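*Asks:* Next comes data.txt, compact mmCIF, C-alpha atoms:
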# COMPACT_ATOMS: atom_id res chain seq x y z
CA MET A 1 -15.68 -21.09 -1.20
CA ASN A 2 -16.08 -23.83 1.44
CA SER A 3 -13.11 -22.90 3.64
CA LYS A 4 -13.90 -21.19 6.93
CA ILE A 5 -11.95 -17.95 7.22
CA PHE A 6 -10.66 -16.28 10.38
CA VAL A 7 -9.77 -12.59 9.95
CA ILE A 8 -7.38 -11.58 12.71
CA GLY A 9 -7.35 -7.78 12.79
CA ALA A 10 -10.47 -5.67 12.28
CA GLY A 11 -8.87 -2.45 11.06
CA ARG A 12 -9.30 -0.81 7.66
CA LEU A 13 -7.67 -3.57 5.62
CA GLY A 14 -9.12 -6.46 7.62
CA THR A 15 -12.71 -5.26 7.46
CA THR A 16 -12.47 -4.25 3.81
CA LEU A 17 -10.84 -7.53 2.76
CA GLY A 18 -13.29 -9.56 4.83
CA ASN A 19 -16.24 -7.67 3.36
CA ALA A 20 -14.92 -8.19 -0.18
CA LEU A 21 -14.38 -11.92 0.39
CA GLN A 22 -17.83 -12.24 1.91
CA SER A 23 -19.36 -10.56 -1.14
CA GLU A 24 -17.80 -13.31 -3.27
CA GLN A 25 -19.33 -16.07 -1.14
CA PHE A 26 -16.25 -16.80 0.97
CA CYS A 27 -17.24 -17.90 4.48
CA ILE A 28 -16.05 -15.40 7.10
CA LYS A 29 -16.47 -17.57 10.19
CA HIS A 30 -14.53 -15.64 12.86
CA ILE A 31 -13.14 -12.12 13.33
CA TYR A 32 -10.67 -11.07 16.00
CA ASN A 33 -11.03 -7.47 17.16
CA HIS A 34 -8.52 -7.00 19.99
CA SER A 35 -9.81 -3.57 21.06
CA GLY A 36 -13.35 -4.73 21.70
CA ARG A 37 -14.64 -1.56 20.02
CA ASN A 38 -16.93 -1.29 16.99
CA ILE A 39 -18.55 -4.64 17.77
CA THR A 40 -21.94 -3.50 16.48
CA ASP A 41 -20.46 -2.39 13.14
CA LEU A 42 -18.68 -5.72 12.76
CA GLN A 43 -21.82 -7.69 13.54
CA ASP A 44 -23.82 -5.59 11.10
CA HIS A 45 -21.34 -6.23 8.28
CA PHE A 46 -20.62 -9.86 9.17
CA PRO A 47 -23.91 -11.24 10.50
CA GLU A 48 -22.79 -14.87 10.13
CA ALA A 49 -19.41 -14.40 11.83
CA LEU A 50 -18.45 -14.70 15.48
CA ILE A 51 -16.61 -11.63 16.79
CA TRP A 52 -13.86 -12.16 19.38
CA ASN A 53 -11.71 -9.82 21.44
CA GLU A 54 -9.42 -12.68 22.46
CA LEU A 55 -8.24 -15.75 20.60
CA LYS A 56 -9.95 -19.02 21.58
CA ILE A 57 -8.96 -22.58 20.76
CA ARG A 58 -12.47 -23.32 19.52
CA SER A 59 -12.37 -20.54 16.92
CA LEU A 60 -8.93 -21.66 15.75
CA ASN A 61 -9.99 -25.28 15.39
CA GLU A 62 -13.06 -24.28 13.38
CA SER A 63 -11.05 -22.24 10.87
CA ASP A 64 -9.22 -23.41 7.75
CA VAL A 65 -7.75 -20.12 6.52
CA PHE A 66 -6.31 -17.30 8.63
CA PHE A 67 -5.76 -13.75 7.40
CA LEU A 68 -3.49 -11.80 9.72
CA THR A 69 -4.36 -8.19 8.90
CA VAL A 70 -2.65 -6.51 11.86
CA ARG A 71 0.13 -3.92 12.04
CA ASP A 72 3.65 -5.16 11.36
CA ASP A 73 4.77 -4.48 14.93
CA ILE A 74 1.93 -6.61 16.31
CA LEU A 75 2.29 -9.48 13.84
CA PRO A 76 5.09 -11.42 15.65
CA LYS A 77 3.11 -11.36 18.90
CA ILE A 78 -0.02 -12.68 17.17
CA ILE A 79 2.00 -15.45 15.50
CA ALA A 80 3.57 -16.44 18.82
CA THR A 81 0.12 -16.57 20.41
CA LEU A 82 -1.22 -18.78 17.63
CA LYS A 83 1.77 -21.12 17.90
CA ASN A 84 1.16 -21.62 21.61
CA PHE A 85 -2.29 -23.05 20.98
CA HIS A 86 -2.06 -26.84 20.82
CA ILE A 87 -4.15 -27.42 17.73
CA CYS A 88 -3.53 -29.28 14.49
CA TRP A 89 -2.09 -26.78 12.00
CA GLU A 90 -1.81 -29.29 9.18
CA LYS A 91 -3.76 -28.31 6.05
CA LYS A 92 -4.49 -24.87 7.48
CA ILE A 93 -3.51 -21.82 5.43
CA VAL A 94 -2.09 -18.75 7.15
CA ILE A 95 -1.65 -15.51 5.18
CA HIS A 96 -0.41 -12.17 6.44
CA THR A 97 -0.88 -8.90 4.56
CA SER A 98 2.31 -7.02 5.45
CA GLY A 99 3.93 -5.20 2.57
CA ILE A 100 7.47 -5.53 3.87
CA LEU A 101 7.54 -8.72 5.98
CA THR A 102 7.91 -12.03 4.17
CA SER A 103 6.08 -15.30 4.62
CA SER A 104 9.05 -16.57 6.66
CA THR A 105 7.59 -14.54 9.54
CA LEU A 106 5.03 -17.37 9.71
CA GLN A 107 7.66 -20.13 9.68
CA SER A 108 6.85 -21.37 13.19
CA LEU A 109 3.32 -22.19 11.99
CA ALA A 110 4.67 -23.78 8.81
CA ASP A 111 6.86 -25.99 11.00
CA ASN A 112 3.63 -27.28 12.51
CA GLY A 113 2.19 -28.14 9.09
CA SER A 114 0.40 -25.04 7.83
CA SER A 115 0.83 -23.51 4.38
CA ILE A 116 1.95 -19.89 4.60
CA ALA A 117 2.07 -16.80 2.40
CA SER A 118 2.29 -13.04 2.43
CA MET A 119 -0.32 -11.30 0.30
CA HIS A 120 -0.05 -7.53 0.04
CA PRO A 121 -2.50 -5.34 -1.87
CA MET A 122 -0.73 -2.31 -3.33
CA GLN A 123 -3.60 -0.04 -2.41
CA THR A 124 -4.47 2.55 0.23
CA PHE A 125 -7.38 1.86 2.57
CA SER A 126 -8.54 5.12 4.08
CA SER A 127 -11.59 3.79 5.92
CA ARG A 128 -13.12 0.59 7.26
CA PHE A 129 -15.62 -1.37 5.15
CA THR A 130 -14.55 0.29 1.90
CA PRO A 131 -16.69 -1.20 -0.95
CA PRO A 132 -15.30 -4.43 -2.45
CA THR A 133 -14.71 -2.73 -5.79
CA ILE A 134 -11.58 -1.18 -4.29
CA PHE A 135 -9.82 -4.47 -5.13
CA HIS A 136 -10.72 -4.31 -8.82
CA GLY A 137 -7.46 -4.03 -10.72
CA VAL A 138 -5.38 -3.80 -7.55
CA PHE A 139 -2.01 -5.56 -7.64
CA LEU A 140 -1.67 -8.37 -5.09
CA ALA A 141 1.99 -9.18 -4.47
CA CYS A 142 2.32 -12.70 -3.06
CA GLU A 143 5.05 -15.08 -1.98
CA GLY A 144 5.00 -18.25 0.06
CA SER A 145 4.32 -21.99 -0.10
CA PRO A 146 2.41 -23.49 -3.06
CA ALA A 147 -0.95 -24.24 -1.40
CA ALA A 148 -1.20 -20.77 0.14
CA MET A 149 -0.08 -19.12 -3.10
CA ASN A 150 -2.76 -21.00 -5.04
CA TYR A 151 -5.34 -19.81 -2.53
CA CYS A 152 -4.17 -16.21 -2.96
CA LYS A 153 -4.44 -16.62 -6.72
CA LYS A 154 -8.07 -17.77 -6.37
CA ILE A 155 -8.80 -14.77 -4.16
CA ALA A 156 -7.28 -12.40 -6.71
CA LYS A 157 -9.45 -13.87 -9.46
CA LYS A 158 -12.61 -13.56 -7.39
CA LEU A 159 -11.85 -9.99 -6.33
CA LYS A 160 -10.86 -8.99 -9.89
CA ALA A 161 -7.39 -8.13 -8.57
CA ASP A 162 -4.09 -8.58 -10.42
CA PHE A 163 -2.12 -11.40 -8.76
CA PHE A 164 1.63 -11.50 -9.21
CA PRO A 165 4.36 -13.49 -7.43
CA ILE A 166 7.24 -11.69 -5.77
CA THR A 167 10.42 -13.05 -4.21
CA SER A 168 11.01 -12.62 -0.50
CA THR A 169 14.21 -10.65 -1.19
CA SER A 170 12.23 -8.14 -3.28
CA LYS A 171 9.76 -7.09 -0.62
CA VAL A 172 11.76 -4.21 0.87
CA PRO A 173 12.32 -2.34 -2.44
CA TYR A 174 8.74 -3.23 -3.46
CA HIS A 175 7.30 -1.71 -0.29
CA LEU A 176 9.65 1.27 -0.45
CA ALA A 177 8.47 1.96 -4.01
CA GLY A 178 4.86 1.96 -2.86
CA THR A 179 5.68 4.22 0.07
CA VAL A 180 7.34 6.77 -2.21
CA ALA A 181 4.42 6.70 -4.66
CA ALA A 182 1.58 6.73 -2.14
CA ASN A 183 2.99 8.48 0.94
CA LEU A 184 6.07 10.61 0.28
CA PHE A 185 4.38 11.98 -2.82
CA LEU A 186 1.83 13.58 -0.49
CA ALA A 187 4.56 15.86 0.87
CA LEU A 188 4.96 17.34 -2.60
CA ILE A 189 1.19 17.61 -2.99
CA ASN A 190 1.02 19.50 0.30
CA ILE A 191 3.82 21.88 -0.74
CA SER A 192 2.06 22.51 -4.03
CA ASP A 193 -1.22 23.18 -2.23
CA LYS A 194 0.40 25.75 0.07
CA LEU A 195 2.08 27.54 -2.83
CA PHE A 196 -1.15 27.67 -4.82
CA GLU A 197 -2.84 29.06 -1.72
CA GLU A 198 -0.22 31.81 -1.54
CA SER A 199 -1.05 32.70 -5.13
CA GLY A 200 -4.62 33.43 -4.01
CA ILE A 201 -6.41 30.37 -5.40
CA ILE A 202 -9.29 29.06 -3.27
CA LYS A 203 -9.10 25.53 -1.83
CA ASN A 204 -11.59 23.83 -4.11
CA LYS A 205 -10.04 25.32 -7.24
CA ARG A 206 -6.42 24.57 -6.32
CA HIS A 207 -7.24 20.97 -5.42
CA LYS A 208 -8.78 20.52 -8.86
CA ILE A 209 -5.70 22.06 -10.47
CA ILE A 210 -3.34 19.74 -8.58
CA ALA A 211 -5.44 16.66 -9.33
CA ALA A 212 -5.56 17.53 -13.04
CA LEU A 213 -1.80 18.11 -13.22
CA VAL A 214 -0.95 14.91 -11.38
CA GLN A 215 -3.35 12.85 -13.49
CA LYS A 216 -1.86 14.26 -16.70
CA VAL A 217 1.68 13.42 -15.55
CA ILE A 218 0.60 9.88 -14.64
CA ASN A 219 -1.10 9.40 -18.01
CA ASN A 220 1.99 10.65 -19.84
CA PHE A 221 4.22 8.40 -17.73
CA ARG A 222 2.10 5.35 -18.54
CA GLN A 223 2.07 6.12 -22.26
CA LYS A 224 5.58 7.45 -22.85
CA GLY A 225 7.81 6.83 -19.83
CA THR A 226 9.55 9.17 -17.41
CA MET A 227 11.65 11.30 -19.77
CA SER A 228 8.79 12.00 -22.15
CA ALA A 229 6.47 12.84 -19.26
CA LEU A 230 8.86 15.48 -17.93
CA THR A 231 7.74 19.08 -18.49
CA GLY A 232 8.48 22.41 -16.84
CA PRO A 233 11.63 24.52 -16.51
CA LEU A 234 14.02 21.62 -15.94
CA GLY A 235 12.87 19.81 -19.06
CA ARG A 236 13.23 22.89 -21.26
CA GLY A 237 16.34 24.32 -19.60
CA ASP A 238 14.62 27.50 -18.41
CA MET A 239 17.33 28.82 -16.10
CA ARG A 240 15.67 32.17 -15.46
CA THR A 241 12.50 30.53 -14.13
CA ILE A 242 14.48 28.17 -11.92
CA GLN A 243 16.41 31.12 -10.51
CA GLN A 244 13.13 32.84 -9.66
CA HIS A 245 11.89 29.68 -7.96
CA ILE A 246 15.00 29.48 -5.82
CA LYS A 247 14.83 33.19 -4.94
CA TYR A 248 11.20 32.84 -3.79
CA ILE A 249 11.99 29.70 -1.81
CA ASP A 250 14.95 31.32 -0.07
CA GLN A 251 12.83 34.33 0.88
CA TYR A 252 9.60 32.65 1.95
CA HIS A 253 10.11 28.89 2.28
CA PRO A 254 13.68 27.96 3.19
CA GLU A 255 12.29 24.72 4.68
CA ILE A 256 11.67 23.34 1.18
CA ARG A 257 14.99 24.46 -0.37
CA ASP A 258 16.61 21.06 0.17
CA ILE A 259 13.56 19.26 -1.26
CA TYR A 260 13.47 21.42 -4.39
CA GLN A 261 17.20 21.19 -4.90
CA SER A 262 17.53 17.45 -4.18
CA LEU A 263 14.67 16.44 -6.47
CA SER A 264 15.88 18.78 -9.20
CA LYS A 265 19.35 17.23 -8.97
CA TYR A 266 17.82 13.78 -9.15
CA ILE A 267 15.91 14.71 -12.30
CA LEU A 268 19.08 16.13 -13.84
CA ASN A 269 21.16 13.07 -12.97
CA GLU A 270 18.66 10.26 -13.51
CA ILE A 271 16.05 11.45 -16.02
CA ILE A 272 17.34 14.23 -18.25
CA SER A 273 19.76 13.10 -20.94
CA SER A 274 23.39 14.25 -20.85
CA GLU A 275 22.92 15.98 -24.20
CA THR A 276 20.05 18.07 -22.84
CA LYS A 277 22.01 19.01 -19.71
CA THR A 278 24.99 20.07 -21.81
CA GLN A 279 22.78 22.07 -24.11
CA TYR A 280 21.04 24.03 -21.35
CA LYS A 281 23.95 24.17 -18.84
CA ILE A 282 21.61 24.11 -15.85
CA ASP A 283 23.71 21.93 -13.56
CA SER A 284 25.37 25.01 -12.12
CA LEU A 285 22.14 26.15 -10.48
CA PHE A 286 22.24 23.23 -8.07
CA GLU A 287 25.91 23.09 -7.18
Produce structure tokens that represent the structure in this file.
*Replies:*
Amino acid sequence: MNSKIFVIGAGRLGTTLGNALQSEQFCIKHIYNHSGRNITDLQDHFPEALIWNELKIRSLNESDVFFLTVRDDILPKIIATLKNFHICWEKKIVIHTSGILTSSTLQSLADNGSSIASMHPMQTFSSRFTPPTIFHGVFLACEGSPAAMNYCKKIAKKLKADFFPITSTSKVPYHLAGTVAANLFLALINISDKLFEESGIIKNKRHKIIAALVQKVINNFRQKGTMSALTGPLGRGDMRTIQQHIKYIDQYHPEIRDIYQSLSKYILNEIISSETKTQYKIDSLFE
């Protein structure tokens, strides 16, 4: 691609995205690293790019496309700084990667002629310079003005990602859904790990057990949906087992009683059919 790209934000997403784009022959011309740390790593991975720890008018003028890969709380400040530079923003494309903020966050730059978009990869980035293959099959949720959206679509194709448009009003539930799946789910994983540990299973073994269980549930969910993927005492109406769970929790882990009870109630109310609940009469356990 002939456009000169400026990556503003050299954290895990910025470096991984920049590295992936570079591997597909996109020109990474400038990188902004506000902390001034890890300069050697950045230069090693982006030998053709200029690394900055402050924004300069020269670097902005030389760039056609800007990726703002900074934290959400920093993004407004970066945008305000960019706006204060007296450069021609016409025909420039500015894209931020926030999962919850919309492209309207960039409106002040659009008012000066740039095309704007938000492009969020529904993926976790646990380290910097993760191999480009991490984008293969990843869903890229995008919304914004036509030129920027078309550019995001080209990026998705090159990175073998799955581009899909999203409305600005959908971003909060979209991001919340990802947070539940990728972050809050870890609380349940951690609880499971501790309980397996109490049963005497060594770390390596219990981690394999949890991974196998979770993968099986995910596979069943993909193939059959939520109700068909449900197993365990709630699904089969095993009141005696549930009572033993609650007794153990009350004795040894009262801190997870609300979690167990709330999620069980949710399953009863939202997943299990009314016929099944009537048949097994298990509602009373969570009153």
*Asks:* Each residue of stretch 29-67 of chain A lying at most 9 Å from stretch 84-93 of chain A should get a row with its shortest atom-to-atom pair and the distance in Å to one decimal, counting all atoms listed in the file; could you produce that, ordered by chain and increasing number, as CSV?
*Replies:*
residue,atom,partner,partner_atom,distance
A:Lys56,CA,A:Phe85,CA,8.7
A:Ile57,CA,A:Phe85,CA,6.7
A:Leu60,CA,A:Ile87,CA,7.7
A:Asn61,CA,A:Ile87,CA,6.6
A:Ser63,CA,A:Lys92,CA,7.8
A:Asp64,CA,A:Lys92,CA,5.0
A:Val65,CA,A:Ile93,CA,4.7
A:Phe66,CA,A:Ile93,CA,6.2
A:Phe67,CA,A:Ile93,CA,8.6
*Asks:* To one decimal place, how far is atom CA of A:Leu184 from atom CA of A:Val217 in Å?
*Replies:*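 Atom-to-atom, atom CA of A:Leu184 and atom CA of A:Val217 are spaced 16.7 Å apart.
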*Asks:* Distance atom CA of A:Ser59-atom CA of A:His30, one decimal place?
*Replies:*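 We find that atom CA of A:Ser59 and atom CA of A:His30 lie 6.7 Å from each other.
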*Asks:* Could you tell me how far atom CA of A:His120 lies from atom CA of A:Ile79, in Å and to one decimal?
*Replies:*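 So the answer is 17.5 Å.
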*Asks:* Measuring atom to atom with all atoms listed in the file, identify which of A:Trp52, A:Gln43, A:Ile210, A:Gly178 is nearest to A:Asp193.
*Replies:*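 Nearest to A:Asp193: A:Ile210.
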*Asks:* Would you be able to write out as a PyMOL selection string which residues have an atom within 10 Å of (-13.1, -8.8, -1.8) in the file's coordinates, counting all atoms listed in the file?
*Replies:* chain A and resi 15-26+130-136+155-161
*Asks:* Rank nothing, just name the residue among A:Ser262, A:Ser35, A:Ser118, A:Asn204 nearest to A:Glu54, using all atoms listed in the file.
*Replies:*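 Nearest candidate to A:Glu54 out of A:Ser262, A:Ser35, A:Ser118, A:Asn204: A:Ser35.
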*Asks:* In terms of the shortest atom-to-atom distance over only C-alpha atoms, which of A:Leu188, A:Leu55, A:Leu234, A:Met239 is closest to A:Tyr266?
*Replies:*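 Closest to A:Tyr266 of all the choices is A:Leu234.
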*Asks:* What's around stretch 167-169 of chain A at 12 Å? Count all atoms listed in the file, leave out sequence neighbours fewer than 4 positions away in its own chain, and write the answer as a list in words.
*Replies:*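 These residues fall inside the cut-off: Ser98, Gly99, Ile100, Leu101, Thr102, Ser103, Ser104, Thr105, Ala117, Ser118, Met119, Ala141, Cys142, Glu143, Gly144, Ser145, Pro173, Tyr174 and His175 of chain A.
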*Asks:* Restricting the calculation to only C-alpha atoms, which member of A:Leu106, A:Ile256, A:Ala211, A:Ala229 is positioned closest to A:Ile191?
*Replies:*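 Nearest to A:Ile191: A:Ile256.
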*Asks:* Using all atoms listed in the file, pick whichever of A:Ile267, A:Ile272, A:Ile218, A:Ile5 has the shortest atom-to-atom distance to A:Ile95.
*Replies:*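 The answer is A:Ile5, which sits nearest to A:Ile95.
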*Asks:* Go through A:Leu195, A:Met227, A:Ala212, A:Leu13 one by one, measure the shortest atom-to-atom distance of each to A:Tyr252 using only C-alpha atoms, and give the residue with the smallest value.
*Replies:*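 Among A:Leu195, A:Met227, A:Ala212, A:Leu13, it is A:Leu195 that comes nearest to A:Tyr252.
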